[in-house]
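my_file_34.cif (mmCIF, C-alpha atoms)
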```cif
data_input
#
loop_
_atom_site.label_atom_id
_atom_site.label_comp_id
_atom_site.auth_asym_id
_atom_site.auth_seq_id
_atom_site.Cartn_x
_atom_site.Cartn_y
_atom_site.Cartn_z
CA MET A 848 -14.19 34.33 -207.48
CA ALA A 849 -17.15 36.30 -208.75
CA ASN A 850 -18.49 36.58 -205.21
CA ALA A 851 -15.25 37.95 -203.95
CA ARG A 852 -15.24 40.53 -206.71
CA ILE A 853 -18.83 41.59 -206.06
CA LYS A 854 -18.17 41.87 -202.31
CA ASN A 855 -15.10 43.87 -203.12
CA ALA A 856 -17.15 46.20 -205.27
CA PHE A 857 -19.82 46.70 -202.66
CA THR A 858 -17.40 47.45 -199.91
CA ILE A 859 -16.57 50.59 -201.83
CA GLN A 860 -20.25 51.36 -202.54
CA PRO A 861 -22.04 49.45 -199.76
CA ILE A 862 -25.65 48.56 -200.54
CA ASN A 863 -27.53 45.33 -199.88
CA ILE A 864 -25.02 42.62 -200.77
CA GLN A 865 -27.51 39.89 -199.89
CA GLN A 866 -29.82 41.01 -202.71
CA VAL A 867 -27.13 40.68 -205.35
CA GLU A 868 -26.10 37.25 -204.12
CA ASN A 869 -29.70 36.01 -204.29
CA ASP A 870 -30.15 37.20 -207.89
CA GLU A 871 -26.90 35.58 -208.84
CA LYS A 872 -28.22 32.06 -208.60
CA TYR A 873 -30.49 32.76 -211.57
CA GLN A 874 -27.57 33.82 -213.67
CA ARG A 875 -27.08 30.41 -215.07
CA ARG A 876 -27.30 29.52 -218.76
CA ARG A 877 -30.90 28.38 -218.69
CA SER A 878 -32.08 31.50 -216.96
CA ILE A 879 -30.22 33.74 -219.40
CA ILE A 880 -32.09 32.03 -222.25
CA ARG A 881 -35.36 32.30 -220.30
CA GLU A 882 -34.76 35.94 -219.62
CA PHE A 883 -34.07 36.52 -223.31
CA SER A 884 -37.12 34.55 -224.38
CA LEU A 885 -39.41 36.58 -222.17
CA ASN A 886 -38.02 39.95 -223.19
CA THR A 887 -37.18 39.59 -226.87
CA THR A 888 -39.19 41.76 -229.24
CA ALA A 889 -40.01 38.79 -231.49
CA HIS A 890 -43.60 37.87 -230.63
CA GLY A 891 -43.49 34.10 -230.85
CA ILE A 892 -40.64 33.33 -228.47
CA PRO A 893 -42.11 35.12 -225.39
CA GLY A 894 -45.33 33.26 -226.18
CA ILE A 895 -43.48 29.93 -225.83
CA ALA A 896 -41.65 31.06 -222.69
CA ARG A 897 -44.82 32.38 -221.05
CA SER A 898 -46.97 29.34 -221.83
CA GLN A 899 -48.28 27.45 -218.80
CA SER A 900 -49.80 24.42 -220.58
CA LYS A 901 -48.30 21.99 -223.08
CA HIS A 902 -51.01 22.83 -225.64
CA ASN A 903 -50.25 26.49 -225.40
CA CYS A 904 -46.52 25.80 -225.76
CA LEU A 905 -47.13 23.56 -228.77
CA PHE A 906 -49.34 26.16 -230.48
CA TRP A 907 -46.80 28.94 -230.04
CA SER A 908 -43.91 26.71 -231.12
CA ILE A 909 -45.63 25.58 -234.34
CA ALA A 910 -46.79 29.10 -235.17
CA THR A 911 -43.31 30.49 -234.58
CA ILE A 912 -41.59 27.83 -236.71
CA ILE A 913 -44.07 28.28 -239.59
CA PHE A 914 -43.70 32.05 -239.69
CA ILE A 915 -39.90 31.93 -239.30
CA GLY A 916 -39.91 29.55 -242.27
CA ILE A 917 -42.02 31.92 -244.36
CA MET A 918 -39.83 34.85 -243.36
CA LEU A 919 -36.61 33.01 -244.29
CA TYR A 920 -38.10 32.05 -247.63
CA PHE A 921 -38.81 35.67 -248.58
CA VAL A 922 -35.49 36.95 -247.26
CA ILE A 923 -33.54 34.34 -249.24
CA GLU A 924 -35.61 35.03 -252.34
CA SER A 925 -34.79 38.74 -252.03
CA ILE A 926 -31.07 38.11 -251.64
CA LYS A 927 -31.06 35.75 -254.61
CA ALA A 928 -32.91 38.32 -256.71
CA TYR A 929 -30.34 40.96 -255.78
CA PHE A 930 -27.36 38.86 -256.81
CA ASN A 931 -28.95 38.05 -260.16
CA TYR A 932 -28.40 41.76 -261.04
CA PRO A 933 -31.67 41.94 -262.92
CA THR A 934 -31.96 44.62 -265.59
CA GLN A 935 -34.91 46.44 -266.96
CA THR A 936 -35.49 47.54 -270.52
CA SER A 937 -37.74 50.47 -271.02
CA VAL A 938 -38.88 51.46 -274.50
CA VAL A 939 -39.65 55.13 -274.93
CA PHE A 940 -41.01 56.86 -278.01
CA SER A 941 -39.82 60.40 -277.85
CA VAL A 942 -40.49 63.32 -280.15
CA GLU A 943 -37.16 64.91 -280.91
CA TRP A 944 -37.36 68.36 -282.36
CA PRO A 945 -35.27 69.77 -283.79
CA GLN A 946 -33.49 66.62 -284.86
CA ALA A 947 -29.86 66.61 -285.93
CA PHE A 948 -29.29 65.81 -289.57
CA PRO A 949 -27.23 62.59 -289.75
CA ALA A 950 -23.78 62.39 -291.25
CA PHE A 951 -23.38 61.11 -294.79
CA SER A 952 -20.17 59.59 -296.09
CA PHE A 953 -19.44 58.66 -299.68
CA CYS A 954 -16.51 57.63 -301.86
CA ASN A 955 -15.96 57.08 -305.51
CA LEU A 956 -16.16 53.35 -306.17
CA SER A 957 -12.80 53.51 -307.87
CA PRO A 958 -9.99 54.21 -305.41
CA VAL A 959 -7.56 55.78 -307.90
CA ARG A 960 -7.64 57.59 -311.24
CA LEU A 961 -5.93 55.95 -314.16
CA ASP A 962 -4.01 59.00 -315.44
CA LYS A 963 -2.19 59.57 -312.14
CA PHE A 964 -1.88 55.92 -311.22
CA ILE A 965 -0.66 54.12 -314.32
CA GLY A 966 2.76 55.85 -314.56
CA PRO A 967 4.06 55.04 -311.06
CA PHE A 968 2.41 51.64 -311.27
CA ILE A 969 4.14 50.63 -314.52
CA ASN A 970 7.42 51.98 -313.11
CA TYR A 971 6.91 49.72 -310.11
CA THR A 972 6.15 46.59 -312.16
CA ASN A 973 9.11 47.31 -314.47
CA SER A 974 11.43 47.87 -311.52
CA GLN A 975 10.31 44.58 -309.98
CA ASN A 976 10.99 42.84 -313.34
CA LEU A 977 7.38 41.79 -313.53
CA THR A 978 6.85 43.56 -316.82
CA ASN A 979 8.87 45.34 -319.46
CA ILE A 980 6.49 47.74 -321.15
CA ASN A 981 6.66 51.35 -322.22
CA ASP A 982 2.98 51.96 -322.86
CA THR A 983 1.89 53.94 -319.82
CA SER A 984 -1.73 54.52 -320.76
CA SER A 985 -3.66 51.28 -320.55
CA MET A 986 -4.29 48.45 -318.16
CA SER A 987 -4.32 44.75 -318.86
CA SER A 988 -5.72 41.78 -317.05
CA TYR A 989 -2.19 40.57 -316.36
CA LEU A 990 -1.14 43.93 -314.89
CA SER A 991 -4.16 44.26 -312.64
CA GLN A 992 -3.05 41.41 -310.42
CA PHE A 993 -0.11 43.49 -309.18
CA ILE A 994 -2.25 46.41 -308.00
CA PRO A 995 -2.55 45.25 -304.35
CA ALA A 996 1.18 44.53 -304.24
CA TYR A 997 1.88 48.00 -305.58
CA PHE A 998 -0.20 49.66 -302.86
CA GLN A 999 1.60 47.65 -300.23
CA PHE A 1000 4.95 48.65 -301.73
CA ALA A 1001 3.95 52.32 -301.85
CA LEU A 1002 2.74 52.26 -298.25
CA ASN A 1003 5.87 50.54 -296.94
CA ASN A 1004 8.10 53.03 -298.76
CA ASN A 1005 6.18 56.08 -297.60
CA GLN A 1006 5.14 56.93 -301.15
CA SER A 1007 2.02 59.00 -301.14
CA THR A 1008 -0.90 57.62 -303.10
CA ARG A 1009 -3.25 60.40 -302.10
CA GLU A 1010 -2.80 62.47 -305.25
CA MET A 1011 -3.87 59.42 -307.30
CA MET A 1012 -7.29 59.52 -305.70
CA TYR A 1013 -10.30 61.61 -306.60
CA PRO A 1014 -10.39 65.00 -304.89
CA LEU A 1015 -13.83 66.17 -303.87
CA SER A 1016 -13.43 69.41 -305.79
CA SER A 1017 -13.30 67.40 -309.01
CA MET A 1018 -16.37 65.33 -308.14
CA LEU A 1019 -18.75 67.82 -306.61
CA ILE A 1020 -20.92 69.35 -309.31
CA LYS A 1021 -23.59 70.65 -306.99
CA CYS A 1022 -24.25 70.46 -303.27
CA THR A 1023 -27.22 71.96 -301.46
CA TYR A 1024 -28.48 71.52 -297.94
CA ASN A 1025 -32.04 72.70 -297.34
CA GLY A 1026 -31.81 74.71 -300.53
CA LEU A 1027 -28.62 76.55 -299.59
CA SER A 1028 -25.44 75.62 -301.40
CA CYS A 1029 -22.64 73.82 -299.61
CA THR A 1030 -19.01 73.52 -300.63
CA VAL A 1031 -15.99 71.24 -300.34
CA GLU A 1032 -15.31 72.94 -296.99
CA ASP A 1033 -18.44 71.33 -295.51
CA PHE A 1034 -16.94 67.84 -295.83
CA ILE A 1035 -14.21 66.08 -293.90
CA THR A 1036 -11.88 63.68 -295.66
CA PHE A 1037 -10.69 60.20 -294.79
CA VAL A 1038 -9.09 57.30 -296.64
CA SER A 1039 -10.74 53.95 -297.11
CA PRO A 1040 -8.44 51.07 -298.08
CA THR A 1041 -11.08 49.87 -300.56
CA TYR A 1042 -12.37 53.09 -302.09
CA GLY A 1043 -9.62 55.64 -301.65
CA LEU A 1044 -10.58 59.12 -300.56
CA CYS A 1045 -13.97 59.40 -298.88
CA TYR A 1046 -15.87 62.44 -297.74
CA THR A 1047 -18.24 62.97 -294.83
CA PHE A 1048 -20.91 65.63 -294.64
CA ASN A 1049 -22.12 66.85 -291.23
CA ALA A 1050 -19.80 64.78 -289.05
CA LYS A 1051 -19.29 66.23 -285.59
CA VAL A 1052 -15.97 68.04 -285.58
CA LYS A 1053 -14.10 69.55 -282.65
CA ASN A 1054 -15.34 73.05 -281.89
CA GLY A 1055 -17.84 72.73 -284.70
CA ILE A 1056 -21.61 72.62 -284.95
CA ILE A 1057 -23.74 70.04 -286.68
CA ARG A 1058 -26.63 70.84 -288.98
CA TYR A 1059 -30.20 70.34 -287.86
CA ILE A 1060 -33.07 69.24 -290.03
CA ASN A 1061 -34.95 72.50 -289.61
CA ASP A 1062 -31.98 74.70 -290.54
CA ASP A 1063 -33.07 77.54 -292.80
CA GLY A 1064 -36.67 76.41 -292.54
CA GLY A 1065 -36.07 73.26 -294.53
CA THR A 1066 -36.99 69.64 -293.99
CA GLY A 1067 -33.48 68.16 -293.90
CA LYS A 1068 -32.56 67.52 -297.49
CA LEU A 1069 -29.02 67.12 -298.72
CA GLU A 1070 -28.68 67.09 -302.48
CA LEU A 1071 -25.45 65.99 -304.10
CA HIS A 1072 -24.62 65.93 -307.78
CA LEU A 1073 -21.38 64.08 -308.34
CA TYR A 1074 -19.16 63.55 -311.34
CA ILE A 1075 -17.51 60.16 -311.00
CA HIS A 1076 -14.93 60.24 -313.80
CA SER A 1077 -15.80 56.79 -315.10
CA HIS A 1078 -13.31 57.20 -317.97
CA GLN A 1079 -10.58 57.25 -315.29
CA TYR A 1080 -11.63 53.94 -313.77
CA ILE A 1081 -9.05 51.20 -313.89
CA ASP A 1082 -10.03 48.35 -316.17
CA TYR A 1083 -9.98 44.86 -314.67
CA TRP A 1084 -9.87 46.31 -311.17
CA ILE A 1085 -13.09 45.56 -309.37
CA ASP A 1086 -14.18 46.00 -305.80
CA ARG A 1087 -12.46 43.09 -304.11
CA LYS A 1088 -14.63 43.17 -301.01
CA MET B 77 -13.46 45.17 -317.40
CA CYS B 78 -14.64 47.40 -314.66
CA ILE B 79 -18.08 46.35 -313.50
CA ASP B 80 -19.02 48.81 -310.77
CA ILE B 81 -19.33 52.46 -311.73
CA GLY B 82 -20.67 54.97 -309.26
CA VAL B 83 -20.24 55.91 -305.65
CA VAL B 84 -20.54 54.09 -302.36
CA GLY B 85 -22.24 55.88 -299.49
CA GLN B 86 -23.49 55.49 -295.97
CA ILE B 87 -25.76 57.41 -293.61
CA HIS B 88 -24.46 57.34 -290.04
CA ASP B 89 -24.65 59.24 -286.79
CA ASN B 90 -22.76 62.50 -286.45
CA VAL B 91 -20.43 61.01 -283.83
CA GLN B 92 -20.16 57.58 -285.45
CA LEU B 93 -17.15 56.44 -287.41
CA PRO B 94 -18.36 55.21 -290.82
CA PHE B 95 -17.36 51.65 -291.75
CA ILE B 96 -18.02 52.32 -295.39
CA ASP B 97 -16.13 49.22 -296.60
CA VAL B 98 -18.62 47.09 -294.68
CA ASP B 99 -21.84 49.09 -294.48
CA GLY B 100 -21.65 51.18 -297.66
CA LEU B 101 -24.42 51.12 -300.26
CA TYR B 102 -23.74 51.27 -303.98
CA PHE B 103 -25.24 54.02 -306.12
CA GLY B 104 -24.90 53.50 -309.83
CA SER B 105 -24.00 56.42 -312.05
CA GLY B 106 -26.47 58.17 -314.33
CA ARG B 107 -29.35 57.74 -311.89
CA LYS B 108 -30.97 59.68 -309.10
CA HIS B 109 -30.94 58.00 -305.69
CA LYS B 110 -33.03 59.01 -302.70
CA LEU B 111 -32.10 57.90 -299.20
CA CYS B 112 -34.21 58.19 -296.07
CA PHE B 113 -33.32 57.52 -292.48
CA SER B 114 -34.91 56.83 -289.13
CA LYS B 115 -33.13 57.05 -285.84
CA ARG B 116 -33.18 54.58 -282.99
CA SER B 117 -31.05 55.08 -279.92
CA TYR B 118 -30.15 52.52 -277.28
CA VAL B 119 -29.15 53.73 -273.84
CA ASN B 120 -27.30 51.19 -271.73
CA LEU B 121 -26.47 51.65 -268.08
CA PRO B 122 -22.76 51.73 -267.22
CA SER B 123 -20.94 49.22 -265.02
CA PRO B 124 -21.89 47.30 -262.82
CA TYR B 125 -25.29 47.01 -264.51
CA SER B 126 -23.69 46.19 -267.88
CA ASN B 127 -20.19 46.01 -269.32
CA CYS B 128 -20.73 49.13 -271.44
CA THR B 129 -18.43 52.12 -271.66
CA ASP B 130 -18.34 55.42 -273.57
CA GLN B 131 -14.66 56.14 -273.00
CA VAL B 132 -12.65 56.65 -276.20
CA ASN B 133 -9.30 54.99 -275.53
CA PHE B 134 -5.88 55.99 -276.84
CA ALA B 135 -5.83 53.61 -279.80
CA MET B 136 -9.18 54.95 -281.00
CA HIS B 137 -7.94 58.54 -280.67
CA VAL B 138 -5.00 57.61 -282.90
CA LEU B 139 -7.41 56.22 -285.50
CA TYR B 140 -9.67 59.28 -285.32
CA ASN B 141 -6.69 61.54 -286.03
CA ASN B 142 -6.93 60.29 -289.63
CA TYR B 143 -10.42 61.73 -289.96
CA ASP B 144 -9.56 65.43 -290.18
CA ASN B 145 -10.70 66.88 -286.88
CA ALA B 146 -13.74 64.67 -286.45
CA ASP B 147 -15.00 64.31 -282.88
CA TYR B 148 -16.22 60.71 -283.04
CA GLY B 149 -17.42 58.80 -279.99
CA TYR B 150 -16.93 55.30 -278.66
CA SER B 151 -18.00 52.31 -280.69
CA GLN B 152 -17.41 48.69 -279.84
CA LEU B 153 -16.66 47.78 -283.46
CA THR B 154 -14.07 50.56 -283.71
CA CYS B 155 -12.53 49.44 -280.43
CA PHE B 156 -12.23 45.84 -281.61
CA THR B 157 -10.83 46.97 -284.98
CA THR B 158 -8.13 49.17 -283.45
CA CYS B 159 -7.31 46.46 -280.94
CA SER B 160 -6.81 43.79 -283.60
CA GLN B 161 -4.76 46.19 -285.77
CA ALA B 162 -2.57 47.15 -282.83
CA TYR B 163 -2.10 43.47 -282.00
CA ARG B 164 -0.91 42.76 -285.53
CA TYR B 165 1.64 45.57 -285.40
CA ILE B 166 3.01 45.53 -281.87
CA GLY B 167 2.02 42.20 -280.37
CA MET B 168 0.33 41.21 -277.17
CA ASN B 169 2.86 42.44 -274.62
CA ASN B 170 2.87 46.05 -275.80
CA LEU B 171 -0.89 46.01 -276.25
CA GLU B 172 -1.44 46.11 -272.51
CA ASN B 173 0.38 49.43 -272.29
CA LEU B 174 -2.04 51.13 -274.63
#
```

Please go through the file and, once you have read it, give me the structure as structure tokens.
Amino acid sequence: MANARIKNAFTIQPINIQQVENDEKYQRRRSIIREFSLNTTAHGIPGIARSQSKHNCLFWSIATIIFIGIMLYFVIESIKAYFNYPTQTSVVFSVEWPQAFPAFSFCNLSPVRLDKFIGPFINYTNSQNLTNINDTSSMSSYLSQFIPAYFQFALNNNQSTREMMYPLSSMLIKCTYNGLSCTVEDFITFVSPTYGLCYTFNAKVKNGIIRYINDDGGTGKLELHLYIHSHQYIDYWIDRK
Amino acid sequence: MCIDIGVVGQIHDNVQLPFIDVDGLYFGSGRKHKLCFSKRSYVNLPSPYSNCTDQVNFAMHVLYNNYDNADYGYSQLTCFTTCSQAYRYIGMNNLENL
């Protein structure tokens, strides 16, 4: 079949057909392997193929097997190391200047002020038939246990409790940053479920800048004098955290 | 009677949401308190080298809306907190849509 095809081919382009037919008898499986062994770029295999004596063949075979073994070992080690996804931790001590002044948040320990809180609270306990009292100025141990329930009630009925909390304007006696005075406007406000209204100085705000330690030639010193209205604290109500 | 009188405060990063209920320090009234800080930053590589992210997701944006116009960044604790709160309110099925 192959012969017929080759003859066919060489009738179109006639050269020495005899030559091709002679070479063809080497194109058996063994000779393909031999051909490969002699020509491959790996050094050991041509050494085996070329060898005339048994000793030479044995030497090249052993050497080739040993070095293929070593090569496989390192290749497999490398692949295993890759799939371990090793990480590296580098510790760097860097001098950061100027450094941003951190943010500072604070809240009054008492979440609400008695004078604004007690009225709606007593109304709530009376309306729930928990109490029947008219004195809307003082707290009792018995009453204090309903405080969490009241807050839950107020929240579920969209009653604002914000005006019962301590506004910053009433607490801030003095505020300076690096010797220059700061105001209520320099704080952002948020609500903590434990402490009521809280205030943050120097938080990053959208389209705003943060203060740096060396602002106005200072060393990064925020000074706050706060009035905490301890006479407005609610008796029997302690930080439940 | 009321035991604790004073303020509770916390130093934190400019882009970090304060967890003042957890991390806050107590400062008693009638005294002067001095606080110092030192800063340490950890830089983690993103995926696939670690499972870290700095993307502020929708639920965290909703939380941050309650902090005036603060521009807070990602925090794992905040993410877990918003996730557990959302779970309590809307359940597991709707959580996947967030």

* To do: Apply the PyMOL selection byres ((chain B and resi 96) around 12) to the structure shown and report the selected residues as a ChimeraX atom specification.
  => /A:951-956,1037-1047,1088 /B:83-88,92-95,97-102

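Among the candidates A:Thr1023, A:Ser957, A:Gly1065, A:Phe968, the residue lying nearest to chain B is A:Ser957 (atoms considered: all atoms listed in the file).
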
Could you give me, as a compact mmCIF listing (two decimals) with C-alpha atoms, in the frame of the given file, the residues that sit within 12 Å of (5.2, 49.9, -304.0) in the file's coordinates, counting all atoms listed in the file?
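Printed below is selection_34.txt as written:
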```
# COMPACT_ATOMS: atom_id res chain seq x y z
CA PHE A 964 -1.88 55.92 -311.22
CA PRO A 967 4.06 55.04 -311.06
CA PHE A 968 2.41 51.64 -311.27
CA ILE A 969 4.14 50.63 -314.52
CA ASN A 970 7.42 51.98 -313.11
CA TYR A 971 6.91 49.72 -310.11
CA THR A 972 6.15 46.59 -312.16
CA ASN A 973 9.11 47.31 -314.47
CA SER A 974 11.43 47.87 -311.52
CA GLN A 975 10.31 44.58 -309.98
CA PHE A 993 -0.11 43.49 -309.18
CA ILE A 994 -2.25 46.41 -308.00
CA PRO A 995 -2.55 45.25 -304.35
CA ALA A 996 1.18 44.53 -304.24
CA TYR A 997 1.88 48.00 -305.58
CA PHE A 998 -0.20 49.66 -302.86
CA GLN A 999 1.60 47.65 -300.23
CA PHE A 1000 4.95 48.65 -301.73
CA ALA A 1001 3.95 52.32 -301.85
CA LEU A 1002 2.74 52.26 -298.25
CA ASN A 1003 5.87 50.54 -296.94
CA ASN A 1004 8.10 53.03 -298.76
CA ASN A 1005 6.18 56.08 -297.60
CA GLN A 1006 5.14 56.93 -301.15
CA SER A 1007 2.02 59.00 -301.14
CA THR A 1008 -0.90 57.62 -303.10
```

Closest atom pairs, chain B residues within 10 Å of chain A, only C-alpha atoms, as a Markdown table:
```
| residue | atom | partner | partner_atom | distance |
| --- | --- | --- | --- | --- |
| B:Met77 | CA | A:Tyr1083 | CA | 4.4 |
| B:Cys78 | CA | A:Asp1082 | CA | 4.9 |
| B:Ile79 | CA | A:Ile1085 | CA | 6.5 |
| B:Asp80 | CA | A:Ile1085 | CA | 6.9 |
| B:Ile81 | CA | A:Leu956 | CA | 6.5 |
| B:Gly82 | CA | A:Leu956 | CA | 5.7 |
| B:Val83 | CA | A:Asn955 | CA | 4.4 |
| B:Val84 | CA | A:Cys954 | CA | 5.4 |
| B:Gly85 | CA | A:Phe953 | CA | 4.0 |
| B:Gln86 | CA | A:Ser952 | CA | 5.3 |
| B:Ile87 | CA | A:Phe951 | CA | 4.6 |
| B:His88 | CA | A:Ala950 | CA | 5.2 |
| B:Asp89 | CA | A:Pro949 | CA | 5.2 |
| B:Asn90 | CA | A:Ala1050 | CA | 4.6 |
| B:Val91 | CA | A:Lys1051 | CA | 5.6 |
| B:Gln92 | CA | A:Ala1050 | CA | 8.1 |
| B:Leu93 | CA | A:Ala1050 | CA | 8.9 |
| B:Pro94 | CA | A:Ser952 | CA | 7.1 |
| B:Phe95 | CA | A:Ser1039 | CA | 8.8 |
| B:Ile96 | CA | A:Ser952 | CA | 7.6 |
| B:Asp97 | CA | A:Thr1041 | CA | 6.5 |
| B:Val98 | CA | A:Lys1088 | CA | 8.4 |
| B:Gly100 | CA | A:Phe953 | CA | 8.1 |
| B:Leu101 | CA | A:Phe953 | CA | 9.1 |
| B:Tyr102 | CA | A:Leu956 | CA | 8.2 |
| B:Phe103 | CA | A:Leu956 | CA | 9.1 |
| B:Gly104 | CA | A:Leu956 | CA | 9.5 |
| B:Ser105 | CA | A:Ile1075 | CA | 7.6 |
| B:Gly106 | CA | A:Tyr1074 | CA | 9.6 |
| B:Lys108 | CA | A:His1072 | CA | 9.0 |
| B:His109 | CA | A:Leu1071 | CA | 9.8 |
| B:Lys110 | CA | A:Glu1070 | CA | 9.2 |
| B:Leu111 | CA | A:Leu1069 | CA | 9.7 |
| B:Cys112 | CA | A:Lys1068 | CA | 9.6 |
| B:Phe113 | CA | A:Pro949 | CA | 8.4 |
| B:Ser114 | CA | A:Pro949 | CA | 9.6 |
| B:Lys115 | CA | A:Pro949 | CA | 9.0 |
| B:Arg116 | CA | A:Phe940 | CA | 9.6 |
| B:Ser117 | CA | A:Val939 | CA | 9.9 |
| B:Tyr118 | CA | A:Val938 | CA | 9.2 |
| B:Val119 | CA | A:Thr936 | CA | 9.5 |
| B:Asn120 | CA | A:Thr936 | CA | 9.0 |
| B:Leu121 | CA | A:Thr934 | CA | 9.3 |
| B:Pro124 | CA | A:Tyr932 | CA | 8.7 |
| B:Tyr125 | CA | A:Tyr932 | CA | 7.0 |
| B:Ser126 | CA | A:Thr934 | CA | 8.7 |
| B:Tyr140 | CA | A:Phe1037 | CA | 9.6 |
| B:Asn141 | CA | A:Phe1037 | CA | 9.7 |
| B:Asn142 | CA | A:Phe1037 | CA | 6.4 |
| B:Tyr143 | CA | A:Phe1037 | CA | 5.1 |
| B:Asp144 | CA | A:Ile1035 | CA | 6.0 |
| B:Asn145 | CA | A:Val1052 | CA | 5.6 |
| B:Ala146 | CA | A:Val1052 | CA | 4.1 |
| B:Asp147 | CA | A:Val1052 | CA | 4.7 |
| B:Tyr148 | CA | A:Lys1051 | CA | 6.8 |
| B:Gly149 | CA | A:Lys1051 | CA | 9.5 |
```

* To do: Please provide as a count of residues only all residues within 12 Å of segment 161-172 of chain B, with the sequence filter that same-chain residues fewer than 6 positions apart are discarded (counting only C-alpha atoms).
  => 7

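With atom CA of Thr983 of chain A on one side and atom CA of Gly966 of chain A on the other, the separation reads 5.7 Å.
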
* Structure fact -> Students should find that atom CA of Glu882 of chain A and atom CA of Cys904 of chain A are spaced 16.7 Å

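Separating atom CA of Leu961 of chain A from atom CA of Glu1010 of chain A is a distance of 11.5 Å.
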
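With all atoms listed in the file as the basis for measurement, A:Pro958 is the residue among A:Ile895, A:Thr978, A:Pro958, A:Tyr1024 that approaches Arg1009 of chain A most closely.
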
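Those residues returned by the PyMOL selection byres ((chain A and resi 892) around 12) for this file are Ile880, Arg881, Glu882, Phe883, Ser884, Leu885, Asn886, Thr887, Thr888, Ala889, His890, Gly891, Pro893, Gly894, Ile895, Ala896, Arg897, Ser898, Cys904, Leu905, Phe906, Trp907, Ser908, Ile909, Ala910, Thr911, Ile912, Phe914 and Ile915 of chain A.
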
Take the residues just selected and output them with C-alpha atoms as a PDB file, in the coordinates of the input.
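Now in selection-v4.pdb:
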```pdb
ATOM      1  CA  ILE A 880     -32.090  32.030-222.250  1.00  0.00           C
ATOM      2  CA  ARG A 881     -35.360  32.300-220.300  1.00  0.00           C
ATOM      3  CA  GLU A 882     -34.760  35.940-219.620  1.00  0.00           C
ATOM      4  CA  PHE A 883     -34.070  36.520-223.310  1.00  0.00           C
ATOM      5  CA  SER A 884     -37.120  34.550-224.380  1.00  0.00           C
ATOM      6  CA  LEU A 885     -39.410  36.580-222.170  1.00  0.00           C
ATOM      7  CA  ASN A 886     -38.020  39.950-223.190  1.00  0.00           C
ATOM      8  CA  THR A 887     -37.180  39.590-226.870  1.00  0.00           C
ATOM      9  CA  THR A 888     -39.190  41.760-229.240  1.00  0.00           C
ATOM     10  CA  ALA A 889     -40.010  38.790-231.490  1.00  0.00           C
ATOM     11  CA  HIS A 890     -43.600  37.870-230.630  1.00  0.00           C
ATOM     12  CA  GLY A 891     -43.490  34.100-230.850  1.00  0.00           C
ATOM     13  CA  PRO A 893     -42.110  35.120-225.390  1.00  0.00           C
ATOM     14  CA  GLY A 894     -45.330  33.260-226.180  1.00  0.00           C
ATOM     15  CA  ILE A 895     -43.480  29.930-225.830  1.00  0.00           C
ATOM     16  CA  ALA A 896     -41.650  31.060-222.690  1.00  0.00           C
ATOM     17  CA  ARG A 897     -44.820  32.380-221.050  1.00  0.00           C
ATOM     18  CA  SER A 898     -46.970  29.340-221.830  1.00  0.00           C
ATOM     19  CA  CYS A 904     -46.520  25.800-225.760  1.00  0.00           C
ATOM     20  CA  LEU A 905     -47.130  23.560-228.770  1.00  0.00           C
ATOM     21  CA  PHE A 906     -49.340  26.160-230.480  1.00  0.00           C
ATOM     22  CA  TRP A 907     -46.800  28.940-230.040  1.00  0.00           C
ATOM     23  CA  SER A 908     -43.910  26.710-231.120  1.00  0.00           C
ATOM     24  CA  ILE A 909     -45.630  25.580-234.340  1.00  0.00           C
ATOM     25  CA  ALA A 910     -46.790  29.100-235.170  1.00  0.00           C
ATOM     26  CA  THR A 911     -43.310  30.490-234.580  1.00  0.00           C
ATOM     27  CA  ILE A 912     -41.590  27.830-236.710  1.00  0.00           C
ATOM     28  CA  PHE A 914     -43.700  32.050-239.690  1.00  0.00           C
ATOM     29  CA  ILE A 915     -39.900  31.930-239.300  1.00  0.00           C
TER      30      ILE A 915
END
```

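Shortest atom-to-atom contact with Ser1028 of chain A among A:Asp1063, A:Asp982, A:Ser878, A:Asn931: A:Asp1063, counting all atoms listed in the file.
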